[in-house]
>>> print(open('start.pdb').read())   # PDB, C-alpha atoms
ATOM      1  CA  MET A   1      12.676 -20.852   7.563  1.00  0.00           C
ATOM      2  CA  ARG A   2       9.589 -18.935   6.344  1.00  0.00           C
ATOM      3  CA  GLU A   3       9.997 -16.736   3.285  1.00  0.00           C
ATOM      4  CA  GLU A   4       8.714 -13.168   3.756  1.00  0.00           C
ATOM      5  CA  PRO A   5       6.434 -11.860   0.986  1.00  0.00           C
ATOM      6  CA  GLU A   6       7.758  -9.052  -1.208  1.00  0.00           C
ATOM      7  CA  VAL A   7       6.188  -5.766  -0.140  1.00  0.00           C
ATOM      8  CA  SER A   8       3.963  -4.282  -2.833  1.00  0.00           C
ATOM      9  CA  CYS A   9       1.021  -1.966  -2.242  1.00  0.00           C
ATOM     10  CA  MET A  10      -0.881  -3.647  -5.048  1.00  0.00           C
ATOM     11  CA  ARG A  11      -0.970  -6.849  -2.985  1.00  0.00           C
ATOM     12  CA  CYS A  12      -1.639  -5.174   0.388  1.00  0.00           C
ATOM     13  CA  ARG A  13      -5.033  -5.053   2.111  1.00  0.00           C
ATOM     14  CA  HIS A  14      -4.367  -1.466   3.324  1.00  0.00           C
ATOM     15  CA  HIS A  15      -3.908  -0.061  -0.196  1.00  0.00           C
ATOM     16  CA  ALA A  16      -6.675   1.761  -2.082  1.00  0.00           C
ATOM     17  CA  ILE A  17      -6.994   3.920  -5.187  1.00  0.00           C
ATOM     18  CA  THR A  18      -8.421   7.413  -4.813  1.00  0.00           C
ATOM     19  CA  HIS A  19     -10.149   9.617  -7.366  1.00  0.00           C
ATOM     20  CA  GLU A  20      -7.822  12.536  -6.631  1.00  0.00           C
ATOM     21  CA  LEU A  21      -5.520  12.774  -9.641  1.00  0.00           C
ATOM     22  CA  PRO A  22      -2.538  14.312  -7.800  1.00  0.00           C
ATOM     23  CA  PHE A  23      -2.732  11.633  -5.069  1.00  0.00           C
ATOM     24  CA  ARG A  24      -3.920   8.413  -6.702  1.00  0.00           C
ATOM     25  CA  TYR A  25      -2.741   5.967  -4.051  1.00  0.00           C
ATOM     26  CA  ARG A  26      -3.808   5.709  -0.405  1.00  0.00           C
ATOM     27  CA  CYS A  27      -2.473   3.706   2.532  1.00  0.00           C
ATOM     28  CA  ASP A  28      -5.073   3.249   5.260  1.00  0.00           C
ATOM     29  CA  ALA A  29      -2.561   1.736   7.687  1.00  0.00           C
ATOM     30  CA  LEU A  30      -0.288   4.787   7.600  1.00  0.00           C
ATOM     31  CA  GLY A  31      -3.026   7.299   6.829  1.00  0.00           C
ATOM     32  CA  PHE A  32      -1.621   9.127   3.812  1.00  0.00           C
ATOM     33  CA  LYS A  33      -2.146   9.583   0.078  1.00  0.00           C
ATOM     34  CA  SER A  34       0.617   9.730  -2.505  1.00  0.00           C
ATOM     35  CA  ALA A  35       1.251  10.348  -6.179  1.00  0.00           C
ATOM     36  CA  ARG A  36       3.187   7.067  -6.278  1.00  0.00           C
ATOM     37  CA  LEU A  37       2.842   3.767  -4.455  1.00  0.00           C
ATOM     38  CA  PRO A  38       3.091   4.397  -0.700  1.00  0.00           C
ATOM     39  CA  CYS A  39       5.502   1.465  -0.248  1.00  0.00           C
ATOM     40  CA  LYS A  40       8.029   3.401  -2.375  1.00  0.00           C
ATOM     41  CA  ASP A  41       7.657   6.502  -0.164  1.00  0.00           C
ATOM     42  CA  VAL A  42       8.106   4.383   2.970  1.00  0.00           C
ATOM     43  CA  LEU A  43      11.238   2.680   1.606  1.00  0.00           C
ATOM     44  CA  GLU A  44      12.735   5.985   0.470  1.00  0.00           C
ATOM     45  CA  ASN A  45      12.089   7.745   3.791  1.00  0.00           C
ATOM     46  CA  SER A  46      12.856   4.966   6.268  1.00  0.00           C
ATOM     47  CA  GLY A  47      15.230   2.710   4.351  1.00  0.00           C
ATOM     48  CA  LEU A  48      13.023  -0.252   5.326  1.00  0.00           C
ATOM     49  CA  PRO A  49      10.210  -2.035   3.530  1.00  0.00           C
ATOM     50  CA  CYS A  50       6.758  -1.149   4.842  1.00  0.00           C
ATOM     51  CA  GLN A  51       6.186  -2.791   8.221  1.00  0.00           C
ATOM     52  CA  TYR A  52       2.382  -2.563   7.847  1.00  0.00           C
ATOM     53  CA  PHE A  53       2.238  -4.745   4.725  1.00  0.00           C
ATOM     54  CA  ALA A  54      -0.552  -7.315   5.024  1.00  0.00           C
ATOM     55  CA  PRO A  55      -1.248  -9.533   2.009  1.00  0.00           C
ATOM     56  CA  ARG A  56      -4.746  -9.410   0.573  1.00  0.00           C
ATOM     57  CA  GLN A  57      -6.735 -12.555   1.211  1.00  0.00           C
ATOM     58  CA  PRO A  58      -8.391 -14.446  -1.648  1.00  0.00           C
ATOM     59  CA  GLY A  59     -11.794 -12.916  -2.235  1.00  0.00           C
ATOM     60  CA  ASP A  60     -10.894  -9.464  -0.830  1.00  0.00           C
ATOM     61  CA  PRO A  61     -12.760  -6.926  -2.968  1.00  0.00           C
ATOM     62  CA  PRO A  62     -10.937  -4.070  -4.706  1.00  0.00           C
ATOM     63  CA  ARG A  63     -10.996  -0.864  -2.650  1.00  0.00           C
ATOM     64  CA  SER A  64     -11.410   2.728  -3.696  1.00  0.00           C
ATOM     65  CA  LYS A  65     -12.710   5.882  -2.044  1.00  0.00           C
ATOM     66  CA  ALA A  66     -12.630   9.565  -2.810  1.00  0.00           C
TER      67      ALA A  66
END
>>> encode(input="start.pdb", output="structure tokens")
Amino acid sequence: MREEPEVSCMRCRHHAITHELPFRYRCDALGFKSARLPCKDVLENSGLPCQYFAPRQPGDPPRSKA
């Protein structure tokens, strides 16, 4: 049986940091910004871990946009 990776925005290829202080974290897969990690908002609102989680690949550059 294959072990599923723990969902964490910091290890997801869809996650980015913004320069907007009230909304520091962005999820490109779901298309929203948040004051906290988007995976926490998803879990709180749906009761499920984020279904769009995709682990970063080795060598993926850090991402940030305004």
>>> closest_residue(input="start.pdb", among="A:Cys50, A:Gly59, A:Glu44, A:His15", to="Asp28 (chain A)", atoms="only C-alpha atoms")
A:His15
>>> residues_around(input="start.pdb", residues="Gln51 (chain A)", least_positions_apart="3", cutoff="12 Å", atoms="all atoms listed in the file", output="ChimeraX atom specification")
/A:4-9,12,14,29-30,38-39,42-43,46-48,54-55
>>> residues_around(input="start.pdb", residues="Ser34 (chain A)", least_positions_apart="4", cutoff="7 Å", atoms="all atoms listed in the file", output="VMD selection string")
chain A and resid 23 to 26 38
>>> atom_distance(input="start.pdb", atom1="CA of Glu20 (chain A)", atom2="CA of Asn45 (chain A)")
23.0 Å
>>> closest_residue(input="start.pdb", among="A:Ala16, A:Tyr52, A:Pro22, A:Gln57", to="Ala35 (chain A)", atoms="only C-alpha atoms")
A:Pro22
>>> decode(input="start.pdb", residues="region 22-59 of chain A", atoms="N, CA and C atoms", output="PDB file, in the first residue's frame")
ATOM      1  N   PRO A  22      -2.000  41.515   4.543  1.00  0.00           N
ATOM      2  CA  PRO A  22      -3.175  40.840   5.103  1.00  0.00           C
ATOM      3  C   PRO A  22      -3.413  39.435   4.518  1.00  0.00           C
ATOM      4  N   PHE A  23      -2.876  39.180   3.331  1.00  0.00           N
ATOM      5  CA  PHE A  23      -3.092  37.890   2.661  1.00  0.00           C
ATOM      6  C   PHE A  23      -1.759  37.369   2.152  1.00  0.00           C
ATOM      7  N   ARG A  24      -0.953  36.838   3.056  1.00  0.00           N
ATOM      8  CA  ARG A  24       0.421  36.438   2.735  1.00  0.00           C
ATOM      9  C   ARG A  24       0.525  35.180   1.892  1.00  0.00           C
ATOM     10  N   TYR A  25      -0.463  34.324   1.937  1.00  0.00           N
ATOM     11  CA  TYR A  25      -0.352  33.015   1.287  1.00  0.00           C
ATOM     12  C   TYR A  25      -1.338  32.894   0.136  1.00  0.00           C
ATOM     13  N   ARG A  26      -0.892  32.290  -0.973  1.00  0.00           N
ATOM     14  CA  ARG A  26      -1.739  32.141  -2.149  1.00  0.00           C
ATOM     15  C   ARG A  26      -1.733  30.686  -2.608  1.00  0.00           C
ATOM     16  N   CYS A  27      -2.900  30.219  -3.049  1.00  0.00           N
ATOM     17  CA  CYS A  27      -3.027  28.902  -3.657  1.00  0.00           C
ATOM     18  C   CYS A  27      -3.460  29.110  -5.109  1.00  0.00           C
ATOM     19  N   ASP A  28      -2.580  28.775  -6.036  1.00  0.00           N
ATOM     20  CA  ASP A  28      -2.904  28.935  -7.451  1.00  0.00           C
ATOM     21  C   ASP A  28      -3.900  27.885  -7.931  1.00  0.00           C
ATOM     22  N   ALA A  29      -3.903  26.724  -7.327  1.00  0.00           N
ATOM     23  CA  ALA A  29      -4.838  25.670  -7.747  1.00  0.00           C
ATOM     24  C   ALA A  29      -6.280  26.054  -7.428  1.00  0.00           C
ATOM     25  N   LEU A  30      -6.496  26.637  -6.255  1.00  0.00           N
ATOM     26  CA  LEU A  30      -7.850  27.012  -5.846  1.00  0.00           C
ATOM     27  C   LEU A  30      -8.164  28.476  -6.118  1.00  0.00           C
ATOM     28  N   GLY A  31      -7.146  29.262  -6.424  1.00  0.00           N
ATOM     29  CA  GLY A  31      -7.346  30.645  -6.818  1.00  0.00           C
ATOM     30  C   GLY A  31      -7.747  31.595  -5.699  1.00  0.00           C
ATOM     31  N   PHE A  32      -7.143  31.442  -4.521  1.00  0.00           N
ATOM     32  CA  PHE A  32      -7.438  32.403  -3.454  1.00  0.00           C
ATOM     33  C   PHE A  32      -6.209  32.716  -2.624  1.00  0.00           C
ATOM     34  N   LYS A  33      -6.271  33.826  -1.906  1.00  0.00           N
ATOM     35  CA  LYS A  33      -5.227  34.259  -0.985  1.00  0.00           C
ATOM     36  C   LYS A  33      -5.795  34.186   0.425  1.00  0.00           C
ATOM     37  N   SER A  34      -4.893  34.011   1.399  1.00  0.00           N
ATOM     38  CA  SER A  34      -5.344  33.850   2.775  1.00  0.00           C
ATOM     39  C   SER A  34      -4.325  34.427   3.745  1.00  0.00           C
ATOM     40  N   ALA A  35      -4.791  34.768   4.927  1.00  0.00           N
ATOM     41  CA  ALA A  35      -3.910  35.238   5.984  1.00  0.00           C
ATOM     42  C   ALA A  35      -3.171  34.062   6.637  1.00  0.00           C
ATOM     43  N   ARG A  36      -3.677  32.866   6.450  1.00  0.00           N
ATOM     44  CA  ARG A  36      -3.006  31.675   6.986  1.00  0.00           C
ATOM     45  C   ARG A  36      -2.827  30.676   5.845  1.00  0.00           C
ATOM     46  N   LEU A  37      -2.177  29.574   6.114  1.00  0.00           N
ATOM     47  CA  LEU A  37      -1.940  28.600   5.050  1.00  0.00           C
ATOM     48  C   LEU A  37      -3.271  28.124   4.458  1.00  0.00           C
ATOM     49  N   PRO A  38      -3.396  28.158   3.137  1.00  0.00           N
ATOM     50  CA  PRO A  38      -4.648  27.745   2.500  1.00  0.00           C
ATOM     51  C   PRO A  38      -5.090  26.320   2.864  1.00  0.00           C
ATOM     52  N   CYS A  39      -4.142  25.414   3.091  1.00  0.00           N
ATOM     53  CA  CYS A  39      -4.536  24.043   3.447  1.00  0.00           C
ATOM     54  C   CYS A  39      -5.337  24.024   4.754  1.00  0.00           C
ATOM     55  N   LYS A  40      -5.077  24.959   5.657  1.00  0.00           N
ATOM     56  CA  LYS A  40      -5.840  25.035   6.908  1.00  0.00           C
ATOM     57  C   LYS A  40      -7.264  25.534   6.644  1.00  0.00           C
ATOM     58  N   ASP A  41      -7.411  26.503   5.731  1.00  0.00           N
ATOM     59  CA  ASP A  41      -8.749  26.979   5.358  1.00  0.00           C
ATOM     60  C   ASP A  41      -9.549  25.865   4.686  1.00  0.00           C
ATOM     61  N   VAL A  42      -8.909  25.119   3.801  1.00  0.00           N
ATOM     62  CA  VAL A  42      -9.589  24.025   3.105  1.00  0.00           C
ATOM     63  C   VAL A  42     -10.055  22.970   4.103  1.00  0.00           C
ATOM     64  N   LEU A  43      -9.183  22.556   5.013  1.00  0.00           N
ATOM     65  CA  LEU A  43      -9.539  21.546   6.007  1.00  0.00           C
ATOM     66  C   LEU A  43     -10.677  22.027   6.902  1.00  0.00           C
ATOM     67  N   GLU A  44     -10.612  23.283   7.332  1.00  0.00           N
ATOM     68  CA  GLU A  44     -11.652  23.824   8.199  1.00  0.00           C
ATOM     69  C   GLU A  44     -13.008  23.893   7.486  1.00  0.00           C
ATOM     70  N   ASN A  45     -13.013  24.276   6.224  1.00  0.00           N
ATOM     71  CA  ASN A  45     -14.270  24.464   5.500  1.00  0.00           C
ATOM     72  C   ASN A  45     -14.856  23.194   4.899  1.00  0.00           C
ATOM     73  N   SER A  46     -13.996  22.244   4.520  1.00  0.00           N
ATOM     74  CA  SER A  46     -14.515  21.038   3.873  1.00  0.00           C
ATOM     75  C   SER A  46     -14.443  19.798   4.762  1.00  0.00           C
ATOM     76  N   GLY A  47     -13.578  19.846   5.773  1.00  0.00           N
ATOM     77  CA  GLY A  47     -13.393  18.675   6.623  1.00  0.00           C
ATOM     78  C   GLY A  47     -12.446  17.654   6.007  1.00  0.00           C
ATOM     79  N   LEU A  48     -11.907  17.982   4.821  1.00  0.00           N
ATOM     80  CA  LEU A  48     -10.990  17.081   4.117  1.00  0.00           C
ATOM     81  C   LEU A  48      -9.668  17.786   3.863  1.00  0.00           C
ATOM     82  N   PRO A  49      -8.581  17.015   3.792  1.00  0.00           N
ATOM     83  CA  PRO A  49      -7.320  17.645   3.390  1.00  0.00           C
ATOM     84  C   PRO A  49      -7.430  18.123   1.940  1.00  0.00           C
ATOM     85  N   CYS A  50      -6.627  19.080   1.573  1.00  0.00           N
ATOM     86  CA  CYS A  50      -6.681  19.645   0.226  1.00  0.00           C
ATOM     87  C   CYS A  50      -6.492  18.563  -0.833  1.00  0.00           C
ATOM     88  N   GLN A  51      -7.408  18.506  -1.770  1.00  0.00           N
ATOM     89  CA  GLN A  51      -7.375  17.502  -2.834  1.00  0.00           C
ATOM     90  C   GLN A  51      -6.491  17.941  -4.006  1.00  0.00           C
ATOM     91  N   TYR A  52      -6.035  19.189  -3.993  1.00  0.00           N
ATOM     92  CA  TYR A  52      -5.167  19.705  -5.055  1.00  0.00           C
ATOM     93  C   TYR A  52      -3.687  19.651  -4.680  1.00  0.00           C
ATOM     94  N   PHE A  53      -3.369  19.129  -3.507  1.00  0.00           N
ATOM     95  CA  PHE A  53      -1.976  19.055  -3.073  1.00  0.00           C
ATOM     96  C   PHE A  53      -1.137  18.292  -4.090  1.00  0.00           C
ATOM     97  N   ALA A  54      -0.038  18.921  -4.504  1.00  0.00           N
ATOM     98  CA  ALA A  54       0.918  18.288  -5.422  1.00  0.00           C
ATOM     99  C   ALA A  54       2.319  18.603  -4.898  1.00  0.00           C
ATOM    100  N   PRO A  55       3.054  17.591  -4.472  1.00  0.00           N
ATOM    101  CA  PRO A  55       4.375  17.849  -3.890  1.00  0.00           C
ATOM    102  C   PRO A  55       5.300  18.578  -4.865  1.00  0.00           C
ATOM    103  N   ARG A  56       6.072  19.494  -4.322  1.00  0.00           N
ATOM    104  CA  ARG A  56       7.097  20.165  -5.131  1.00  0.00           C
ATOM    105  C   ARG A  56       8.113  19.117  -5.575  1.00  0.00           C
ATOM    106  N   GLN A  57       8.641  19.309  -6.752  1.00  0.00           N
ATOM    107  CA  GLN A  57       9.683  18.425  -7.263  1.00  0.00           C
ATOM    108  C   GLN A  57      11.049  19.000  -6.890  1.00  0.00           C
ATOM    109  N   PRO A  58      12.052  18.149  -6.730  1.00  0.00           N
ATOM    110  CA  PRO A  58      13.393  18.675  -6.447  1.00  0.00           C
ATOM    111  C   PRO A  58      13.794  19.655  -7.547  1.00  0.00           C
ATOM    112  N   GLY A  59      14.317  20.789  -7.138  1.00  0.00           N
ATOM    113  CA  GLY A  59      14.738  21.793  -8.102  1.00  0.00           C
ATOM    114  C   GLY A  59      13.676  22.825  -8.436  1.00  0.00           C
TER     115      GLY A  59
END
